[in-house]
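Asker: Handing over run_13.cif, mmCIF, C-alpha atoms.
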```
data_input
#
loop_
_atom_site.group_PDB
_atom_site.id
_atom_site.type_symbol
_atom_site.label_atom_id
_atom_site.label_comp_id
_atom_site.auth_asym_id
_atom_site.auth_seq_id
_atom_site.Cartn_x
_atom_site.Cartn_y
_atom_site.Cartn_z
ATOM 1 C CA ALA F 52 15.020 -35.974 -25.120
ATOM 2 C CA ALA F 53 17.935 -34.336 -23.336
ATOM 3 C CA SER F 54 18.352 -31.880 -26.232
ATOM 4 C CA ALA F 55 14.670 -30.966 -26.167
ATOM 5 C CA ASP F 56 14.816 -30.400 -22.434
ATOM 6 C CA SER F 57 17.840 -28.170 -22.874
ATOM 7 C CA ASP F 58 15.826 -26.051 -25.294
ATOM 8 C CA VAL F 59 13.067 -25.747 -22.703
ATOM 9 C CA VAL F 60 15.573 -24.675 -20.089
ATOM 10 C CA ALA F 61 17.050 -22.068 -22.438
ATOM 11 C CA ALA F 62 13.620 -20.684 -23.263
ATOM 12 C CA ALA F 63 12.620 -20.501 -19.617
ATOM 13 C CA LEU F 64 15.767 -18.606 -18.758
ATOM 14 C CA VAL F 65 14.862 -15.670 -21.015
ATOM 15 C CA GLY F 66 14.693 -12.555 -18.849
ATOM 16 C CA VAL F 67 16.035 -14.348 -15.753
ATOM 17 C CA ARG F 68 19.582 -13.608 -14.661
ATOM 18 C CA LEU F 69 21.181 -16.600 -13.039
ATOM 19 C CA ALA F 70 24.692 -17.305 -11.908
ATOM 20 C CA PRO F 71 26.478 -19.866 -14.111
ATOM 21 C CA SER F 72 26.356 -22.404 -11.293
ATOM 22 C CA ALA F 73 22.580 -21.958 -11.025
ATOM 23 C CA VAL F 74 22.138 -22.490 -14.761
ATOM 24 C CA GLU F 75 24.290 -25.617 -14.680
ATOM 25 C CA ALA F 76 22.370 -26.971 -11.704
ATOM 26 C CA ALA F 77 19.034 -26.335 -13.432
ATOM 27 C CA SER F 78 20.187 -27.948 -16.667
ATOM 28 C CA ALA F 79 21.601 -30.997 -14.875
ATOM 29 C CA GLU F 80 18.388 -31.502 -12.963
ATOM 30 C CA ALA F 81 16.199 -30.941 -16.022
ATOM 31 C CA ALA F 82 18.077 -33.209 -18.446
ATOM 32 C CA PRO F 83 16.554 -36.554 -17.424
ATOM 33 C CA SER F 84 13.068 -35.121 -16.902
ATOM 34 C CA ALA F 85 10.157 -34.040 -19.076
ATOM 35 C CA GLY F 86 9.779 -30.446 -20.339
ATOM 36 C CA SER F 87 7.556 -29.386 -17.439
ATOM 37 C CA SER F 88 10.115 -30.687 -14.977
ATOM 38 C CA ALA F 89 12.813 -28.690 -16.738
ATOM 39 C CA VAL F 90 10.838 -25.480 -16.356
ATOM 40 C CA ALA F 91 10.220 -26.298 -12.682
ATOM 41 C CA ALA F 92 13.954 -26.839 -12.197
ATOM 42 C CA VAL F 93 14.732 -23.455 -13.739
ATOM 43 C CA ALA F 94 12.128 -21.792 -11.521
ATOM 44 C CA ALA F 95 13.698 -23.422 -8.469
ATOM 45 C CA ALA F 96 17.162 -22.274 -9.532
ATOM 46 C CA ALA F 97 15.870 -18.739 -10.089
ATOM 47 C CA GLU F 98 14.340 -18.716 -6.616
ATOM 48 C CA ALA F 99 17.583 -19.966 -5.124
ATOM 49 C CA HIS F 100 19.448 -17.142 -6.865
ATOM 50 C CA ASP F 101 16.940 -14.507 -5.692
ATOM 51 C CA PRO F 102 15.493 -16.060 -2.521
ATOM 52 C CA TRP F 103 13.523 -13.096 -1.131
ATOM 53 C CA LEU F 104 10.477 -14.006 0.912
ATOM 54 C CA ILE F 105 9.040 -10.593 1.701
ATOM 55 C CA ASN F 106 9.349 -7.109 0.216
ATOM 56 C CA LEU F 107 9.375 -4.405 2.902
ATOM 57 C CA LEU F 108 8.088 -1.016 1.700
ATOM 58 C CA TYR F 109 9.698 1.692 3.814
ATOM 59 C CA ASP F 110 9.784 5.477 4.155
ATOM 60 C CA SER F 111 13.402 6.541 3.751
ATOM 61 C CA GLU F 112 12.623 10.038 5.063
ATOM 62 C CA CYS F 113 11.404 8.709 8.408
ATOM 63 C CA PRO F 114 14.271 8.505 10.971
ATOM 64 C CA LEU F 115 12.577 5.805 13.055
ATOM 65 C CA CYS F 116 11.759 3.759 9.945
ATOM 66 C CA MET F 117 15.379 3.947 8.871
ATOM 67 C CA LYS F 118 16.461 2.721 12.315
ATOM 68 C CA GLN F 119 14.397 -0.399 11.680
ATOM 69 C CA VAL F 120 15.932 -0.837 8.226
ATOM 70 C CA GLU F 121 19.441 -0.434 9.642
ATOM 71 C CA LEU F 122 18.641 -2.975 12.355
ATOM 72 C CA LEU F 123 17.530 -5.500 9.732
ATOM 73 C CA GLU F 124 20.606 -4.850 7.588
ATOM 74 C CA LYS F 125 22.871 -5.310 10.602
ATOM 75 C CA ARG F 126 21.068 -8.523 11.502
ATOM 76 C CA VAL F 127 21.631 -9.858 7.981
ATOM 77 C CA ASP F 128 25.287 -8.769 7.960
ATOM 78 C CA GLU F 129 25.878 -10.663 11.185
ATOM 79 C CA ASN F 130 23.913 -13.696 9.979
ATOM 80 C CA PRO F 131 24.690 -14.348 6.272
ATOM 81 C CA GLU F 132 22.190 -17.212 6.148
ATOM 82 C CA TYR F 133 19.432 -14.567 6.044
ATOM 83 C CA ALA F 134 20.972 -12.669 3.143
ATOM 84 C CA GLY F 135 18.508 -11.859 0.397
ATOM 85 C CA LEU F 136 15.434 -13.059 2.280
ATOM 86 C CA ILE F 137 14.106 -9.533 2.795
ATOM 87 C CA ARG F 138 13.780 -7.148 -0.128
ATOM 88 C CA LEU F 139 13.811 -3.452 0.802
ATOM 89 C CA THR F 140 11.867 -0.992 -1.361
ATOM 90 C CA ASP F 141 11.971 2.754 -0.749
ATOM 91 C CA LEU F 142 8.594 4.435 -1.279
ATOM 92 C CA HIS F 143 10.425 7.639 -2.254
ATOM 93 C CA ALA F 144 12.495 6.002 -4.985
ATOM 94 C CA PRO F 145 11.871 7.686 -8.376
ATOM 95 C CA GLY F 146 11.145 4.322 -9.943
ATOM 96 C CA TYR F 147 8.713 3.122 -7.272
ATOM 97 C CA ASN F 148 5.966 1.173 -9.029
ATOM 98 C CA PRO F 149 2.854 0.068 -7.106
ATOM 99 C CA GLN F 150 2.170 -2.613 -9.727
ATOM 100 C CA THR F 151 5.290 -4.505 -8.689
ATOM 101 C CA CYS F 152 4.624 -3.911 -4.987
ATOM 102 C CA GLY F 153 1.264 -5.539 -4.418
ATOM 103 C CA GLY F 154 -0.670 -2.510 -5.662
ATOM 104 C CA VAL F 155 0.370 -0.434 -2.632
ATOM 105 C CA VAL F 156 0.274 3.215 -3.732
ATOM 106 C CA PHE F 157 2.531 5.819 -2.143
ATOM 107 C CA GLU F 158 -0.225 7.344 0.011
ATOM 108 C CA ASP F 159 -1.189 3.991 1.563
ATOM 109 C CA GLY F 160 2.447 3.091 2.118
ATOM 110 C CA MET F 161 2.969 6.368 3.967
ATOM 111 C CA ARG F 162 -0.091 5.921 6.169
ATOM 112 C CA HIS F 163 0.791 2.406 7.356
ATOM 113 C CA LEU F 164 3.765 0.099 7.047
ATOM 114 C CA HIS F 165 3.261 -2.431 4.241
ATOM 115 C CA ALA F 166 5.051 -5.500 2.954
ATOM 116 C CA VAL F 167 4.392 -7.926 0.107
ATOM 117 C CA THR F 168 5.176 -11.627 0.324
ATOM 118 C CA ARG F 169 6.665 -13.572 -2.563
ATOM 119 C CA ASP F 170 3.230 -15.155 -3.075
ATOM 120 C CA GLY F 171 1.726 -11.688 -3.572
ATOM 121 C CA ASP F 172 0.000 -11.329 -0.202
ATOM 122 C CA VAL F 173 -0.042 -7.770 1.161
ATOM 123 C CA VAL F 174 0.351 -7.326 4.912
ATOM 124 C CA ALA F 175 0.223 -4.113 6.930
ATOM 125 C CA GLY F 176 0.844 -2.752 10.410
ATOM 126 C CA MET F 177 2.248 -4.918 13.186
ATOM 127 C CA GLU F 178 1.877 -8.007 11.024
ATOM 128 C CA VAL F 179 4.770 -6.686 8.917
ATOM 129 C CA PHE F 180 7.072 -6.658 11.956
ATOM 130 C CA ARG F 181 5.974 -10.174 12.889
ATOM 131 C CA ARG F 182 6.677 -11.551 9.416
ATOM 132 C CA VAL F 183 9.931 -9.696 8.802
ATOM 133 C CA TYR F 184 11.585 -10.387 12.153
ATOM 134 C CA SER F 185 10.546 -14.035 12.070
ATOM 135 C CA ILE F 186 12.291 -14.414 8.714
ATOM 136 C CA VAL F 187 15.605 -13.179 10.160
ATOM 137 C CA GLY F 188 15.449 -15.510 13.140
ATOM 138 C CA MET F 189 13.882 -13.125 15.661
ATOM 139 C CA GLU F 190 10.814 -15.248 16.327
ATOM 140 C CA TRP F 191 10.519 -13.772 19.807
ATOM 141 C CA VAL F 192 9.038 -10.638 18.197
ATOM 142 C CA PHE F 193 6.306 -12.778 16.643
ATOM 143 C CA ASN F 194 5.732 -14.747 19.833
ATOM 144 C CA MET F 195 5.620 -11.669 22.052
ATOM 145 C CA THR F 196 3.253 -9.697 19.795
ATOM 146 C CA THR F 197 0.795 -12.544 19.296
ATOM 147 C CA VAL F 198 0.068 -13.182 22.967
ATOM 148 C CA PRO F 199 -3.696 -12.421 23.143
ATOM 149 C CA LEU F 200 -3.733 -9.377 25.428
ATOM 150 C CA LEU F 201 -0.186 -8.195 24.815
ATOM 151 C CA GLY F 202 -0.586 -8.539 21.048
ATOM 152 C CA ALA F 203 -3.681 -6.334 21.085
ATOM 153 C CA ILE F 204 -1.712 -3.668 22.966
ATOM 154 C CA PHE F 205 1.090 -3.790 20.386
ATOM 155 C CA ASP F 206 -1.429 -3.497 17.539
ATOM 156 C CA TRP F 207 -3.094 -0.519 19.215
ATOM 157 C CA GLY F 208 0.260 1.119 19.902
ATOM 158 C CA TYR F 209 1.379 0.755 16.294
ATOM 159 C CA ASP F 210 -1.902 2.125 14.916
ATOM 160 C CA LEU F 211 -1.596 5.128 17.224
ATOM 161 C CA TRP F 212 1.996 5.745 16.164
ATOM 162 C CA ALA F 213 1.118 5.378 12.471
ATOM 163 C CA GLU F 214 -1.700 7.899 12.871
ATOM 164 C CA TYR F 215 0.668 10.598 14.158
ATOM 165 C CA ARG F 216 3.968 9.495 12.593
ATOM 166 C CA LEU F 217 4.002 12.154 9.891
ATOM 167 C CA ILE F 218 3.038 14.881 12.366
ATOM 168 C CA LEU F 219 5.782 13.869 14.785
ATOM 169 C CA SER F 220 8.362 13.920 11.982
ATOM 170 C CA GLY F 221 7.221 17.367 10.776
ATOM 171 C CA ARG F 222 5.658 16.068 7.573
ATOM 172 C CA HIS F 223 1.985 16.309 8.484
ATOM 173 C CA ASP F 224 1.071 17.963 5.179
ATOM 174 C CA ILE F 225 2.825 15.571 2.796
ATOM 175 C CA LEU F 226 -0.287 13.543 1.950
ATOM 176 C CA GLU F 227 -2.355 16.715 1.565
ATOM 177 C CA ARG F 228 0.212 18.141 -0.849
ATOM 178 C CA ILE F 229 0.229 14.905 -2.839
ATOM 179 C CA GLU F 230 -3.567 14.863 -3.032
ATOM 180 C CA LYS F 231 -3.658 18.522 -4.099
ATOM 181 C CA HIS F 232 -1.033 17.819 -6.761
ATOM 182 C CA LYS F 233 -3.112 14.907 -8.102
ATOM 183 C CA GLN F 234 -6.215 17.106 -8.173
ATOM 184 C CA ASN F 235 -4.327 19.803 -10.066
ATOM 185 C CA ILE F 236 -3.179 17.248 -12.644
ATOM 186 C CA GLN F 237 -6.733 15.954 -13.068
ATOM 187 C CA ALA F 238 -8.123 19.493 -13.376
ATOM 188 C CA LEU F 239 -5.473 20.338 -15.968
ATOM 189 C CA ALA F 240 -6.284 17.185 -17.941
ATOM 190 C CA VAL F 241 -9.997 18.076 -17.953
ATOM 191 C CA ALA F 242 -9.255 21.668 -18.951
ATOM 192 C CA GLU F 243 -7.015 20.561 -21.819
ATOM 193 C CA CYS F 244 -9.677 18.150 -23.029
ATOM 194 C CA ASP F 245 -12.335 20.879 -22.903
ATOM 195 C CA VAL F 246 -10.168 23.077 -25.118
ATOM 196 C CA GLU F 247 -8.527 20.573 -27.429
ATOM 197 C CA CYS F 248 -11.194 17.899 -27.723
ATOM 198 C CA GLU F 249 -14.296 20.015 -28.192
ATOM 199 C CA ILE F 250 -16.115 18.950 -31.341
ATOM 200 C CA ASP F 251 -17.557 21.464 -33.781
ATOM 201 C CA TRP F 252 -20.761 19.665 -34.719
ATOM 202 C CA ASP F 253 -21.195 21.886 -37.803
ATOM 203 C CA ASN F 254 -17.958 20.380 -39.048
ATOM 204 C CA PRO F 255 -17.350 17.223 -36.976
ATOM 205 C CA TRP F 256 -14.185 16.363 -38.882
ATOM 206 C CA THR F 257 -12.243 19.198 -37.266
ATOM 207 C CA ILE F 258 -11.282 19.968 -33.683
ATOM 208 C CA ALA F 259 -12.790 23.306 -32.605
ATOM 209 C CA SER F 260 -9.534 24.762 -31.352
ATOM 210 C CA SER F 261 -7.420 23.452 -34.206
ATOM 211 C CA PRO F 262 -7.450 24.646 -37.826
ATOM 212 C CA VAL F 263 -6.106 21.284 -38.963
ATOM 213 C CA PRO F 264 -8.933 19.000 -40.113
ATOM 214 C CA ILE F 265 -9.035 15.432 -38.907
ATOM 215 C CA ALA F 266 -8.505 12.903 -41.689
ATOM 216 C CA LYS F 267 -11.824 11.363 -42.736
#
```
Using C-alpha cells, write down the structure from this file.
Answerer:
Amino acid sequence: AASADSDVVAAALVGVRLAPSAVEAASAEAAPSAGSSAVAAVAAAAEAHDPWLINLLYDSECPLCMKQVELLEKRVDENPEYAGLIRLTDLHAPGYNPQTCGGVVFEDGMRHLHAVTRDGDVVAGMEVFRRVYSIVGMEWVFNMTTVPLLGAIFDWGYDLWAEYRLILSGRHDILERIEKHKQNIQALAVAECDVECEIDWDNPWTIASSPVPIAK
C-alpha cells in the first residue's frame, strides 16, 4: 500500500516544483493513507511551497501604482511571514496572459485595478486594496474603507481617480491606440481572407489567387 501511494505522489508531482523538504513531507503524510489522501497531501505541500493568496495585476508604467507596489514589497521585506502571499503581475510584461489572470485583458486592467484570488475570483477597484492590505496585516485599511459612509467615499474617490488616471499620467490615448491596433489587425485578417480564400466556383478545387490546386 505504501508503494502504491508513493506512485500516486510521484504522479501528482509531475509539473509541480517542490523543495525536497516539501516532497518528503508530502510523501511521509501520504504513506499511511489512501491514494486520494496522497494526492491531497501533495496539493497541500505545493500550496505551502507557493502560498500566494491573491494575484495583483498592476501597471508598471504608472508612478502612483508603482508606489503601491513598492509599499507592499517593503511591507513584506519587513514582515517575512507575509512573503509569497501576494503575487505581482505586470500588465505590460511581454508574456502577460489573461487566461492565467482571471480572464482580465490588458484594456480592462488598465481601466481599473484588478486582482485574482487563488480560488479564481476576480476583484476590482477599492476591493483590491481591501483584500491585499488585509493579507499583509494592514486590516485597518479594510476596516476604514468599509465603514458605511466613509467606504462609499473611498469607492467614489477611487472610481474618479481611475477614470482620469491615464490622462493625469500623460497616457490618455493608450487605450485608443490599442483599440486602433486591434482594428487594423482585424481589417488585415479580413483583407487577406478576401484575397487568399476566395473560391473560384468554376473550379472549386483551386484558390482564386493561387495557381496551385487544392488536393481533392
Asker: May I ask for the distance between atom CA of Met161 of chain F and atom CA of Arg182 of chain F, given in Å to one decimal place?
Answerer: 19.1 Å
Asker: From the list F:Ala238, F:Met195, F:Ala144, F:Val187, which residue is nearest Pro131 of chain F when using all atoms listed in the file?
Answerer: F:Val187
Asker: Atom CA of Asn106 of chain F and atom CA of Arg169 of chain F, how far apart in Å?
Answerer: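 Distance reported for this atom pair: 7.5 Å.
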Asker: Rounded to one decimal place, report the atom CA of Leu211 of chain F-atom CA of Asp170 of chain F distance in Å.
Answerer: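 Interatomic distance here is 29.1 Å.
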Asker: I'd like the contact shell of Gly154 of chain F - 12 Å cut-off, all atoms listed in the file, skipping same-chain residues fewer than 2 positions apart - returned as a PyMOL selection string.
Answerer: chain F and resi 108+147-152+156-160+165-167+171-174
Asker: Name the residues captured by the PyMOL selection byres ((chain F and resi 177) around 10) when it is applied to the shown file; answer as a list of chain:residue names.
Answerer: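 Selection result, ordered by chain and number: F:His163, F:Leu164, F:His165, F:Val174, F:Ala175, F:Gly176, F:Glu178, F:Val179, F:Phe180, F:Arg181, F:Arg182, F:Phe193, F:Thr196, F:Thr197, F:Gly202, F:Ala203, F:Phe205, F:Asp206, F:Trp207, F:Gly208, F:Tyr209, F:Asp210.
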